[in-house]
Amino acid sequence: MSVTLAADGIKDVTTPLTDADVESLKAGDRVRISGVMYTARDAAHARLFPLIEKGERLPIDVNGHIIYYTGPTPAQPGQVVGAIGPTTASRMDKFTPALLKLGLKGTMGKGYRGQPVKDALRQYKAVYFGAIGGAGAVLSRHVKALEIVAYEDLGTEAIRRLEVEKFPAMVLNDCHGGDLYEDGQKQFAREG
Amino acid sequence: MRDIHVSAIADAVKKLCMEANVSLEPDVLRAFDRALTTERSTAGKQVLTILKENAALAAGQRIPYCQDTGTVVCFVELGQDVHVTGGGLYDAINQGVRQGYQEGYLRASIVKSPFDRVNTGDNTPAVIHVDVVEGATLKIMIMAKGGGCENRSKYTMLTPAAGLPAVKDFIIECVKTAGPDACPPLILGVGVGGTFEKSAILSKRSLFRELGSPNPDPMLDTLEKELLERANRLGIGPQGYGGDTTSLGIHILTYPCHITSLPVAVTIECHAHRHKEVTL
């Protein structure tokens, strides 16, 4: 079991994730993620997608893992990474269901997902995490190791393997149809 | 005539780029503090608190506040009695951007062509707007404009008959469609009037006014306050997690326009409102 509820009410999540782990996560949960995550955004997804379509091997094993939509700033001497906050997830919507079908258990970014992605989260048992957009400096402190593992020519958009420790996030969409954006905003809406 | 050498311009732009990306201006930090006094949502308060921590860490450790270190949008007020020497003004600004982004370990986020998508590698070119004004000084204002929020910016051409109520509704609609993608709490820059392109430029220019300061035009000031209240009743909240702080400010600039036209442009800016200016 790699999801445990800590005394402070935050769920500690350790990758890789199983279906049972995913099922225990609910929209609105605060989490701290430790373990391995891969970064990929627009350009890397555009390269992965044709490989999936042709049934070829991907440069990373997504099974049980989390893809974080981010393009960090360069590390200064002595740093693991520069600022590393999330980018808008919906730009990756076109590619996400195919990756979830391959066993990807989590994606992390910011902003709404389209209905096909939400449906795929239910169908393939996966979760969409949100990191705080614009909190790139704070989030960099939770990345303990970084290695470029594919598409180095893409610069900030290359695929990086991150080792993270207690990386703070929220569950935005769970595999049960729960949606933090919808629930949270309903509570505070005073104008349509 | 007063001579200003291009090296002074490049150097100034370099420093502005490096500073803007690590050190939020006090007007934005004050807006976070004000929001924390009114925000009712627990998740919203947590986000605002983390944003303050992020600002302190970024400034203290000189890590960029956000990994999207933006497109450099540069407004220049060039005094007509200034003579730029040693090269071109635009080249000097881009040289400053190049040096600032490389020396500051800032992200290169610009591609050469919207179609080939090959990164230029040094975050050039900037988007540059120059106004010629009276005097012998050169004022340079830069904004590191994030892409996620820029992508939610909108334009509409309304009819004069639709008038002010339609302008208000359009602005509120922009806040709704921006939602969490644009990293709320948002700042809105609004340009009303002029032509298609003039309204868009005004919408950017308006973002350089100090956040929280009144609009010098009393009618626009009342309008801004009314719209800010409406935006903050939408419930979107910090990061879209639900809450009272959807926007930190709405800035409006207007310009005369044609009898047939009512153009409205809205630039969506995120909470990472990185702006700096200097006068040479």
# chains A, B, ... in the order shown; residues from 1 in each chain; ligands from 1
call {"tool": "closest_atom_pairs", "arguments": {"of": "segment 26-98 of chain A", "to": "segment 115-130 of chain B", "cutoff": "12 Å", "atoms": "only C-alpha atoms", "output": "CSV"}}
result
residue,atom,partner,partner_atom,distance
A:Asp42,CA,B:Arg117,CA,10.7
A:Ala43,CA,B:Arg117,CA,8.9
A:Ala46,CA,B:Arg117,CA,11.8
A:Thr73,CA,B:Asn123,CA,11.9
A:Pro74,CA,B:Gly121,CA,11.9
call {"tool": "write_last_selection", "arguments": {"atoms": "N, CA and C atoms", "output": "short mmCIF file (atom, residue, chain, number, x, y, z; two decimals), in the first residue's frame"}}
result
data_model
loop_
_atom_site.label_atom_id
_atom_site.label_comp_id
_atom_site.auth_asym_id
_atom_site.auth_seq_id
_atom_site.Cartn_x
_atom_site.Cartn_y
_atom_site.Cartn_z
N ASP A 42 4.16 19.46 -23.98
CA ASP A 42 3.67 19.44 -25.37
C ASP A 42 4.56 18.66 -26.35
N ALA A 43 5.83 19.08 -26.45
CA ALA A 43 6.68 18.52 -27.51
C ALA A 43 7.00 17.05 -27.25
N ALA A 46 4.04 14.96 -28.16
CA ALA A 46 3.91 14.87 -29.62
C ALA A 46 4.83 13.79 -30.18
N THR A 73 13.05 25.63 -15.21
CA THR A 73 14.13 26.55 -15.58
C THR A 73 15.45 25.83 -15.33
N PRO A 74 16.53 26.27 -16.01
CA PRO A 74 17.82 25.58 -15.83
C PRO A 74 18.29 25.66 -14.37
#
call {"tool": "residues_around", "arguments": {"residues": "Gly240 of chain B", "least_positions_apart": "5", "cutoff": "10 Å", "atoms": "only C-alpha atoms", "output": "PyMOL selection string"}}
result
(chain A and resi 110-112+180-182+184-185) or (chain B and resi 43-44+178-185+235+245-246)
call {"tool": "write_last_selection", "arguments": {"atoms": "N, CA and C atoms", "output": "tab-separated table (two decimals), in the first residue's frame"}}
result
chain	number	residue	atom	x	y	z
A	110	LYS	N	-2.02	21.65	-14.03
A	110	LYS	CA	-3.00	22.61	-13.50
A	110	LYS	C	-4.10	22.79	-14.53
A	111	GLY	N	-5.29	23.13	-14.06
A	111	GLY	CA	-6.40	23.45	-14.95
A	111	GLY	C	-7.29	22.27	-15.26
A	112	TYR	N	-8.44	22.62	-15.87
A	112	TYR	CA	-9.47	21.62	-16.17
A	112	TYR	C	-8.98	20.57	-17.17
A	180	LEU	N	-12.43	18.23	-7.91
A	180	LEU	CA	-12.21	19.28	-6.90
A	180	LEU	C	-12.64	20.65	-7.43
A	181	TYR	N	-12.35	20.95	-8.68
A	181	TYR	CA	-12.71	22.27	-9.22
A	181	TYR	C	-14.21	22.50	-9.11
A	182	GLU	N	-14.96	21.48	-9.54
A	182	GLU	CA	-16.41	21.60	-9.53
A	182	GLU	C	-16.94	21.78	-8.10
A	184	GLY	N	-15.30	22.57	-5.26
A	184	GLY	CA	-14.78	23.74	-4.56
A	184	GLY	C	-15.44	25.02	-5.01
A	185	GLN	N	-15.60	25.16	-6.33
A	185	GLN	CA	-16.14	26.41	-6.85
A	185	GLN	C	-17.63	26.57	-6.54
B	43	ALA	N	-8.65	26.02	1.40
B	43	ALA	CA	-7.71	25.71	0.31
B	43	ALA	C	-7.18	26.99	-0.31
B	44	GLY	N	-8.04	27.99	-0.42
B	44	GLY	CA	-7.63	29.27	-0.99
B	44	GLY	C	-6.58	29.95	-0.13
B	178	ALA	N	-11.14	31.76	-18.28
B	178	ALA	CA	-9.73	31.60	-17.88
B	178	ALA	C	-9.62	30.52	-16.82
B	179	GLY	N	-10.50	30.59	-15.82
B	179	GLY	CA	-10.58	29.55	-14.79
B	179	GLY	C	-9.22	29.20	-14.20
B	180	PRO	N	-9.05	27.96	-13.78
B	180	PRO	CA	-7.80	27.55	-13.13
B	180	PRO	C	-6.61	27.47	-14.08
B	181	ASP	N	-6.87	27.36	-15.38
B	181	ASP	CA	-5.77	27.22	-16.34
B	181	ASP	C	-4.81	28.41	-16.29
B	182	ALA	N	-5.37	29.57	-15.99
B	182	ALA	CA	-4.59	30.81	-16.07
B	182	ALA	C	-3.94	31.17	-14.73
B	183	CYS	N	-3.97	30.26	-13.76
B	183	CYS	CA	-3.36	30.49	-12.45
B	183	CYS	C	-3.95	31.67	-11.69
B	184	PRO	N	-5.23	31.57	-11.30
B	184	PRO	CA	-5.80	32.60	-10.43
B	184	PRO	C	-5.18	32.54	-9.02
B	185	PRO	N	-5.18	33.66	-8.28
B	185	PRO	CA	-5.86	34.92	-8.58
B	185	PRO	C	-5.24	35.68	-9.76
B	235	GLY	N	-16.53	32.53	-7.39
B	235	GLY	CA	-16.23	31.33	-6.59
B	235	GLY	C	-15.03	30.53	-7.07
B	245	THR	N	-11.05	34.77	-3.77
B	245	THR	CA	-10.02	35.57	-4.44
B	245	THR	C	-9.76	35.00	-5.82
B	246	THR	N	-10.58	35.45	-6.77
B	246	THR	CA	-10.39	35.01	-8.15
B	246	THR	C	-9.54	36.02	-8.90
call {"tool": "residues_around", "arguments": {"residues": "Thr4 of chain A", "least_positions_apart": "5", "cutoff": "12 Å", "atoms": "only C-alpha atoms", "output": "list in words"}}
result
Gly9, Ile10, Lys11, Asp12, Val13, Thr14, Ala20, Asp21, Val22, Ser24, Leu25, Asp29, Arg30, Val31, Arg32, Ile33 and Ser34 of chain A
call {"tool": "write_last_selection", "arguments": {"atoms": "N, CA and C atoms", "output": "PDB file, in the first residue's frame"}}
result
ATOM      1  N   GLY A   9      -3.615  14.989   8.296  1.00  0.00           N
ATOM      2  CA  GLY A   9      -4.725  14.956   7.340  1.00  0.00           C
ATOM      3  C   GLY A   9      -4.286  14.898   5.888  1.00  0.00           C
ATOM      4  N   ILE A  10      -2.979  14.908   5.672  1.00  0.00           N
ATOM      5  CA  ILE A  10      -2.450  14.855   4.302  1.00  0.00           C
ATOM      6  C   ILE A  10      -2.096  13.406   3.973  1.00  0.00           C
ATOM      7  N   LYS A  11      -2.386  12.989   2.749  1.00  0.00           N
ATOM      8  CA  LYS A  11      -2.069  11.612   2.346  1.00  0.00           C
ATOM      9  C   LYS A  11      -0.666  11.550   1.746  1.00  0.00           C
ATOM     10  N   ASP A  12       0.143  10.636   2.287  1.00  0.00           N
ATOM     11  CA  ASP A  12       1.476  10.413   1.732  1.00  0.00           C
ATOM     12  C   ASP A  12       1.377   9.368   0.633  1.00  0.00           C
ATOM     13  N   VAL A  13       1.803   9.747  -0.547  1.00  0.00           N
ATOM     14  CA  VAL A  13       1.697   8.880  -1.717  1.00  0.00           C
ATOM     15  C   VAL A  13       3.115   8.533  -2.182  1.00  0.00           C
ATOM     16  N   THR A  14       3.372   7.229  -2.354  1.00  0.00           N
ATOM     17  CA  THR A  14       4.684   6.811  -2.857  1.00  0.00           C
ATOM     18  C   THR A  14       4.497   6.084  -4.182  1.00  0.00           C
ATOM     19  N   ALA A  20      -5.352  -0.130  -6.448  1.00  0.00           N
ATOM     20  CA  ALA A  20      -5.913   0.056  -5.104  1.00  0.00           C
ATOM     21  C   ALA A  20      -5.499   1.420  -4.539  1.00  0.00           C
ATOM     22  N   ASP A  21      -4.259   1.823  -4.809  1.00  0.00           N
ATOM     23  CA  ASP A  21      -3.803   3.144  -4.362  1.00  0.00           C
ATOM     24  C   ASP A  21      -4.657   4.235  -4.996  1.00  0.00           C
ATOM     25  N   VAL A  22      -4.851   4.096  -6.295  1.00  0.00           N
ATOM     26  CA  VAL A  22      -5.622   5.094  -7.044  1.00  0.00           C
ATOM     27  C   VAL A  22      -7.043   5.173  -6.497  1.00  0.00           C
ATOM     28  N   SER A  24      -8.081   4.696  -3.600  1.00  0.00           N
ATOM     29  CA  SER A  24      -8.159   5.302  -2.266  1.00  0.00           C
ATOM     30  C   SER A  24      -8.006   6.825  -2.301  1.00  0.00           C
ATOM     31  N   LEU A  25      -7.684   7.370  -3.456  1.00  0.00           N
ATOM     32  CA  LEU A  25      -7.507   8.827  -3.565  1.00  0.00           C
ATOM     33  C   LEU A  25      -8.794   9.478  -4.051  1.00  0.00           C
ATOM     34  N   ASP A  29      -8.386  15.631  -1.857  1.00  0.00           N
ATOM     35  CA  ASP A  29      -7.328  15.171  -0.943  1.00  0.00           C
ATOM     36  C   ASP A  29      -6.064  16.005  -1.138  1.00  0.00           C
ATOM     37  N   ARG A  30      -5.463  16.411  -0.023  1.00  0.00           N
ATOM     38  CA  ARG A  30      -4.107  16.979  -0.100  1.00  0.00           C
ATOM     39  C   ARG A  30      -3.144  15.816  -0.024  1.00  0.00           C
ATOM     40  N   VAL A  31      -2.129  15.827  -0.873  1.00  0.00           N
ATOM     41  CA  VAL A  31      -1.166  14.723  -0.882  1.00  0.00           C
ATOM     42  C   VAL A  31       0.269  15.244  -0.853  1.00  0.00           C
ATOM     43  N   ARG A  32       1.179  14.343  -0.449  1.00  0.00           N
ATOM     44  CA  ARG A  32       2.622  14.579  -0.573  1.00  0.00           C
ATOM     45  C   ARG A  32       3.168  13.387  -1.336  1.00  0.00           C
ATOM     46  N   ILE A  33       3.769  13.652  -2.482  1.00  0.00           N
ATOM     47  CA  ILE A  33       4.215  12.553  -3.335  1.00  0.00           C
ATOM     48  C   ILE A  33       5.724  12.344  -3.185  1.00  0.00           C
ATOM     49  N   SER A  34       6.100  11.081  -2.970  1.00  0.00           N
ATOM     50  CA  SER A  34       7.527  10.733  -2.916  1.00  0.00           C
ATOM     51  C   SER A  34       7.780   9.600  -3.901  1.00  0.00           C
TER      52      SER A  34
END
call {"tool": "closest_atom_pairs", "arguments": {"of": "chain A", "to": "chain B", "cutoff": "10 Å", "atoms": "only C-alpha atoms", "output": "CSV"}}
result
residue,atom,partner,partner_atom,distance
A:Gly28,CA,B:Tyr241,CA,8.6
A:Arg30,CA,B:Ala43,CA,9.5
A:Ala43,CA,B:Arg117,CA,8.9
A:Thr70,CA,B:Gln67,CA,8.1
A:Gly71,CA,B:Gln67,CA,6.8
A:Pro72,CA,B:Gln67,CA,5.3
A:Thr73,CA,B:Arg107,CA,4.7
A:Pro74,CA,B:Tyr105,CA,5.4
A:Ala75,CA,B:Tyr105,CA,6.9
A:Gln76,CA,B:Tyr105,CA,6.4
A:Pro77,CA,B:Tyr105,CA,9.8
A:Gln79,CA,B:Ile63,CA,9.8
A:Val81,CA,B:Ile63,CA,9.5
A:Gly82,CA,B:Ile63,CA,6.3
A:Ala83,CA,B:Gln67,CA,4.6
A:Ile84,CA,B:Gln67,CA,5.3
A:Gly85,CA,B:Gln67,CA,5.9
A:Pro86,CA,B:Gln67,CA,8.2
A:Thr87,CA,B:Gly148,CA,7.0
A:Thr88,CA,B:Asp181,CA,5.6
A:Ala89,CA,B:Asp181,CA,8.0
A:Ser90,CA,B:Asp181,CA,8.3
A:Gly109,CA,B:Asp181,CA,9.4
A:Lys110,CA,B:Asp181,CA,6.1
A:Gly111,CA,B:Asp181,CA,4.1
A:Tyr112,CA,B:Asp181,CA,6.7
A:Arg113,CA,B:Asp181,CA,9.7
A:Gly130,CA,B:Gln239,CA,9.2
A:Ala131,CA,B:Gln239,CA,9.3
A:Ile132,CA,B:Gln239,CA,6.9
A:Gly133,CA,B:Cys183,CA,5.7
A:Gly134,CA,B:Cys66,CA,4.6
A:Ala135,CA,B:Asn54,CA,5.6
A:Gly136,CA,B:Cys66,CA,4.5
A:Ala137,CA,B:Tyr65,CA,5.4
A:Val138,CA,B:Asn54,CA,5.2
A:Leu139,CA,B:Asn54,CA,8.5
A:Ser140,CA,B:Ile63,CA,8.9
A:Arg141,CA,B:Leu57,CA,9.8
A:Asp153,CA,B:Asn119,CA,9.9
A:Leu154,CA,B:Asn119,CA,8.2
A:Gly155,CA,B:Asn119,CA,8.4
A:Thr156,CA,B:Arg107,CA,7.4
A:Glu157,CA,B:Ser109,CA,9.8
A:Met170,CA,B:Tyr241,CA,9.4
A:Leu172,CA,B:Tyr241,CA,8.7
A:Asp179,CA,B:Tyr241,CA,10.0
A:Leu180,CA,B:Tyr241,CA,6.6
A:Tyr181,CA,B:Tyr241,CA,5.3
A:Glu182,CA,B:Gly242,CA,8.3
A:Asp183,CA,B:Gly242,CA,7.8
A:Gly184,CA,B:Gly242,CA,4.2
A:Gln185,CA,B:Gly242,CA,3.9
A:Lys186,CA,B:Gly235,CA,6.8
A:Gln187,CA,B:Gly242,CA,6.9
A:Phe188,CA,B:Gly235,CA,4.3
A:Ala189,CA,B:Gly235,CA,3.8
A:Arg190,CA,B:Arg233,CA,4.9
A:Glu191,CA,B:Leu234,CA,5.2
A:Gly192,CA,B:Leu234,CA,6.5
call {"tool": "select_by_dssp", "arguments": {"residues": "segment 147-263 of chain B", "states": "strand (DSSP E)", "output": "MDAnalysis selection string"}}
result
chainID B and resid 154:158 186:194 247:257 262:263
call {"tool": "residues_around", "arguments": {"residues": "Arg34 of chain B", "least_positions_apart": "3", "cutoff": "12 Å", "atoms": "only C-alpha atoms", "output": "tab-separated table (two decimals) with N, CA and C atoms, in the first residue's frame"}}
result
chain	number	residue	atom	x	y	z
B	27	ASP	N	3.71	45.70	-4.96
B	27	ASP	CA	2.25	45.84	-5.15
B	27	ASP	C	1.58	44.48	-5.20
B	28	VAL	N	2.27	43.47	-5.77
B	28	VAL	CA	1.68	42.13	-5.87
B	28	VAL	C	1.68	41.46	-4.48
B	29	LEU	N	2.76	41.65	-3.75
B	29	LEU	CA	2.85	41.05	-2.41
B	29	LEU	C	1.78	41.65	-1.48
B	30	ARG	N	1.56	42.95	-1.62
B	30	ARG	CA	0.51	43.59	-0.80
B	30	ARG	C	-0.87	43.03	-1.17
B	31	ALA	N	-1.06	42.76	-2.46
B	31	ALA	CA	-2.35	42.21	-2.90
B	31	ALA	C	-2.57	40.82	-2.30
B	37	THR	N	-6.78	38.47	4.06
B	37	THR	CA	-7.69	38.97	5.10
B	37	THR	C	-9.16	38.73	4.73
B	38	THR	N	-9.46	38.51	3.45
B	38	THR	CA	-10.86	38.35	3.04
B	38	THR	C	-11.21	36.93	2.58
B	39	GLU	N	-10.21	36.12	2.26
B	39	GLU	CA	-10.47	34.79	1.71
B	39	GLU	C	-11.08	33.88	2.77
B	45	LYS	N	-6.78	29.91	1.18
B	45	LYS	CA	-5.79	30.52	2.09
B	45	LYS	C	-4.46	29.78	2.01
B	48	LEU	N	-2.67	30.94	-1.13
B	48	LEU	CA	-2.11	32.30	-0.98
B	48	LEU	C	-0.88	32.30	-0.07
B	49	THR	N	-0.94	31.48	0.97
B	49	THR	CA	0.20	31.40	1.90
B	49	THR	C	1.42	30.81	1.19
B	52	LYS	N	3.03	33.33	-1.06
B	52	LYS	CA	3.88	34.26	-0.32
B	52	LYS	C	5.24	33.61	0.01
B	211	LEU	N	-0.70	47.76	-8.88
B	211	LEU	CA	-1.85	46.96	-8.46
B	211	LEU	C	-2.41	47.53	-7.15
B	212	GLY	N	-3.73	47.73	-7.12
B	212	GLY	CA	-4.35	48.29	-5.92
B	212	GLY	C	-4.47	49.81	-5.94
B	244	ASP	N	-12.85	33.07	-2.59
B	244	ASP	CA	-13.29	34.44	-2.84
B	244	ASP	C	-12.28	35.26	-3.64
B	245	THR	N	-11.05	34.77	-3.77
B	245	THR	CA	-10.02	35.57	-4.44
B	245	THR	C	-9.76	35.00	-5.82
B	247	SER	N	-9.68	37.29	-8.51
B	247	SER	CA	-8.89	38.34	-9.16
B	247	SER	C	-8.32	39.30	-8.13
B	248	LEU	N	-7.12	39.76	-8.40
B	248	LEU	CA	-6.46	40.74	-7.51
B	248	LEU	C	-6.64	42.16	-8.02
B	249	GLY	N	-7.09	42.30	-9.26
B	249	GLY	CA	-7.25	43.66	-9.78
B	249	GLY	C	-7.65	43.63	-11.24
call {"tool": "decode", "arguments": {"residues": "segment 29-62 of chain B", "atoms": "N, CA and C atoms", "output": "PDB file, in the first residue's frame"}}
result
ATOM      1  N   LEU B  29       2.763  41.651  -3.750  1.00  0.00           N
ATOM      2  CA  LEU B  29       2.846  41.052  -2.409  1.00  0.00           C
ATOM      3  C   LEU B  29       1.784  41.648  -1.484  1.00  0.00           C
ATOM      4  N   ARG B  30       1.559  42.951  -1.616  1.00  0.00           N
ATOM      5  CA  ARG B  30       0.506  43.586  -0.797  1.00  0.00           C
ATOM      6  C   ARG B  30      -0.869  43.033  -1.170  1.00  0.00           C
ATOM      7  N   ALA B  31      -1.055  42.763  -2.457  1.00  0.00           N
ATOM      8  CA  ALA B  31      -2.351  42.213  -2.901  1.00  0.00           C
ATOM      9  C   ALA B  31      -2.573  40.817  -2.301  1.00  0.00           C
ATOM     10  N   PHE B  32      -1.513  40.018  -2.173  1.00  0.00           N
ATOM     11  CA  PHE B  32      -1.651  38.698  -1.517  1.00  0.00           C
ATOM     12  C   PHE B  32      -2.095  38.894  -0.065  1.00  0.00           C
ATOM     13  N   ASP B  33      -1.462  39.849   0.614  1.00  0.00           N
ATOM     14  CA  ASP B  33      -1.806  40.096   2.026  1.00  0.00           C
ATOM     15  C   ASP B  33      -3.255  40.552   2.176  1.00  0.00           C
ATOM     16  N   ARG B  34      -3.685  41.436   1.290  1.00  0.00           N
ATOM     17  CA  ARG B  34      -5.085  41.896   1.345  1.00  0.00           C
ATOM     18  C   ARG B  34      -6.029  40.714   1.131  1.00  0.00           C
ATOM     19  N   ALA B  35      -5.692  39.860   0.175  1.00  0.00           N
ATOM     20  CA  ALA B  35      -6.563  38.716  -0.138  1.00  0.00           C
ATOM     21  C   ALA B  35      -6.657  37.770   1.052  1.00  0.00           C
ATOM     22  N   LEU B  36      -5.554  37.612   1.770  1.00  0.00           N
ATOM     23  CA  LEU B  36      -5.568  36.692   2.922  1.00  0.00           C
ATOM     24  C   LEU B  36      -6.506  37.172   4.024  1.00  0.00           C
ATOM     25  N   THR B  37      -6.780  38.467   4.064  1.00  0.00           N
ATOM     26  CA  THR B  37      -7.694  38.975   5.102  1.00  0.00           C
ATOM     27  C   THR B  37      -9.160  38.728   4.733  1.00  0.00           C
ATOM     28  N   THR B  38      -9.459  38.506   3.450  1.00  0.00           N
ATOM     29  CA  THR B  38     -10.863  38.347   3.043  1.00  0.00           C
ATOM     30  C   THR B  38     -11.205  36.932   2.583  1.00  0.00           C
ATOM     31  N   GLU B  39     -10.210  36.121   2.262  1.00  0.00           N
ATOM     32  CA  GLU B  39     -10.465  34.787   1.705  1.00  0.00           C
ATOM     33  C   GLU B  39     -11.082  33.881   2.773  1.00  0.00           C
ATOM     34  N   ARG B  40     -12.219  33.237   2.432  1.00  0.00           N
ATOM     35  CA  ARG B  40     -12.871  32.334   3.395  1.00  0.00           C
ATOM     36  C   ARG B  40     -12.500  30.875   3.181  1.00  0.00           C
ATOM     37  N   SER B  41     -12.006  30.547   1.996  1.00  0.00           N
ATOM     38  CA  SER B  41     -11.746  29.147   1.693  1.00  0.00           C
ATOM     39  C   SER B  41     -10.418  28.681   2.307  1.00  0.00           C
ATOM     40  N   THR B  42     -10.454  27.530   2.951  1.00  0.00           N
ATOM     41  CA  THR B  42      -9.233  26.978   3.551  1.00  0.00           C
ATOM     42  C   THR B  42      -8.198  26.684   2.470  1.00  0.00           C
ATOM     43  N   ALA B  43      -8.647  26.024   1.403  1.00  0.00           N
ATOM     44  CA  ALA B  43      -7.712  25.707   0.309  1.00  0.00           C
ATOM     45  C   ALA B  43      -7.176  26.993  -0.308  1.00  0.00           C
ATOM     46  N   GLY B  44      -8.043  27.990  -0.422  1.00  0.00           N
ATOM     47  CA  GLY B  44      -7.633  29.268  -0.989  1.00  0.00           C
ATOM     48  C   GLY B  44      -6.581  29.952  -0.131  1.00  0.00           C
ATOM     49  N   LYS B  45      -6.781  29.912   1.182  1.00  0.00           N
ATOM     50  CA  LYS B  45      -5.790  30.518   2.091  1.00  0.00           C
ATOM     51  C   LYS B  45      -4.461  29.781   2.005  1.00  0.00           C
ATOM     52  N   GLN B  46      -4.542  28.448   1.900  1.00  0.00           N
ATOM     53  CA  GLN B  46      -3.299  27.663   1.784  1.00  0.00           C
ATOM     54  C   GLN B  46      -2.532  28.072   0.534  1.00  0.00           C
ATOM     55  N   VAL B  47      -3.268  28.225  -0.570  1.00  0.00           N
ATOM     56  CA  VAL B  47      -2.594  28.609  -1.819  1.00  0.00           C
ATOM     57  C   VAL B  47      -1.936  29.975  -1.662  1.00  0.00           C
ATOM     58  N   LEU B  48      -2.666  30.936  -1.132  1.00  0.00           N
ATOM     59  CA  LEU B  48      -2.110  32.296  -0.983  1.00  0.00           C
ATOM     60  C   LEU B  48      -0.885  32.297  -0.068  1.00  0.00           C
ATOM     61  N   THR B  49      -0.936  31.483   0.974  1.00  0.00           N
ATOM     62  CA  THR B  49       0.199  31.399   1.897  1.00  0.00           C
ATOM     63  C   THR B  49       1.418  30.807   1.194  1.00  0.00           C
ATOM     64  N   ILE B  50       1.182  29.768   0.390  1.00  0.00           N
ATOM     65  CA  ILE B  50       2.292  29.154  -0.350  1.00  0.00           C
ATOM     66  C   ILE B  50       2.857  30.138  -1.386  1.00  0.00           C
ATOM     67  N   LEU B  51       1.988  30.934  -1.985  1.00  0.00           N
ATOM     68  CA  LEU B  51       2.479  31.918  -2.964  1.00  0.00           C
ATOM     69  C   LEU B  51       3.385  32.947  -2.285  1.00  0.00           C
ATOM     70  N   LYS B  52       3.028  33.329  -1.063  1.00  0.00           N
ATOM     71  CA  LYS B  52       3.884  34.264  -0.318  1.00  0.00           C
ATOM     72  C   LYS B  52       5.237  33.606   0.014  1.00  0.00           C
ATOM     73  N   GLU B  53       5.175  32.338   0.438  1.00  0.00           N
ATOM     74  CA  GLU B  53       6.419  31.602   0.717  1.00  0.00           C
ATOM     75  C   GLU B  53       7.266  31.486  -0.549  1.00  0.00           C
ATOM     76  N   ASN B  54       6.564  31.239  -1.651  1.00  0.00           N
ATOM     77  CA  ASN B  54       7.261  31.101  -2.934  1.00  0.00           C
ATOM     78  C   ASN B  54       7.981  32.399  -3.300  1.00  0.00           C
ATOM     79  N   ALA B  55       7.298  33.516  -3.077  1.00  0.00           N
ATOM     80  CA  ALA B  55       7.887  34.824  -3.396  1.00  0.00           C
ATOM     81  C   ALA B  55       9.125  35.070  -2.535  1.00  0.00           C
ATOM     82  N   ALA B  56       9.033  34.706  -1.248  1.00  0.00           N
ATOM     83  CA  ALA B  56      10.160  34.941  -0.337  1.00  0.00           C
ATOM     84  C   ALA B  56      11.342  34.044  -0.714  1.00  0.00           C
ATOM     85  N   LEU B  57      11.042  32.786  -1.026  1.00  0.00           N
ATOM     86  CA  LEU B  57      12.104  31.844  -1.398  1.00  0.00           C
ATOM     87  C   LEU B  57      12.764  32.265  -2.717  1.00  0.00           C
ATOM     88  N   ALA B  58      11.934  32.675  -3.676  1.00  0.00           N
ATOM     89  CA  ALA B  58      12.456  33.085  -4.986  1.00  0.00           C
ATOM     90  C   ALA B  58      13.400  34.273  -4.832  1.00  0.00           C
ATOM     91  N   ALA B  59      12.968  35.261  -4.050  1.00  0.00           N
ATOM     92  CA  ALA B  59      13.797  36.466  -3.893  1.00  0.00           C
ATOM     93  C   ALA B  59      15.053  36.149  -3.075  1.00  0.00           C
ATOM     94  N   GLY B  60      14.893  35.322  -2.052  1.00  0.00           N
ATOM     95  CA  GLY B  60      16.022  35.019  -1.170  1.00  0.00           C
ATOM     96  C   GLY B  60      17.076  34.158  -1.834  1.00  0.00           C
ATOM     97  N   GLN B  61      16.627  33.147  -2.568  1.00  0.00           N
ATOM     98  CA  GLN B  61      17.567  32.189  -3.193  1.00  0.00           C
ATOM     99  C   GLN B  61      17.806  32.492  -4.667  1.00  0.00           C
ATOM    100  N   ARG B  62      17.163  33.509  -5.157  1.00  0.00           N
ATOM    101  CA  ARG B  62      17.242  33.882  -6.579  1.00  0.00           C
ATOM    102  C   ARG B  62      16.893  32.710  -7.504  1.00  0.00           C
TER     103      ARG B  62
END
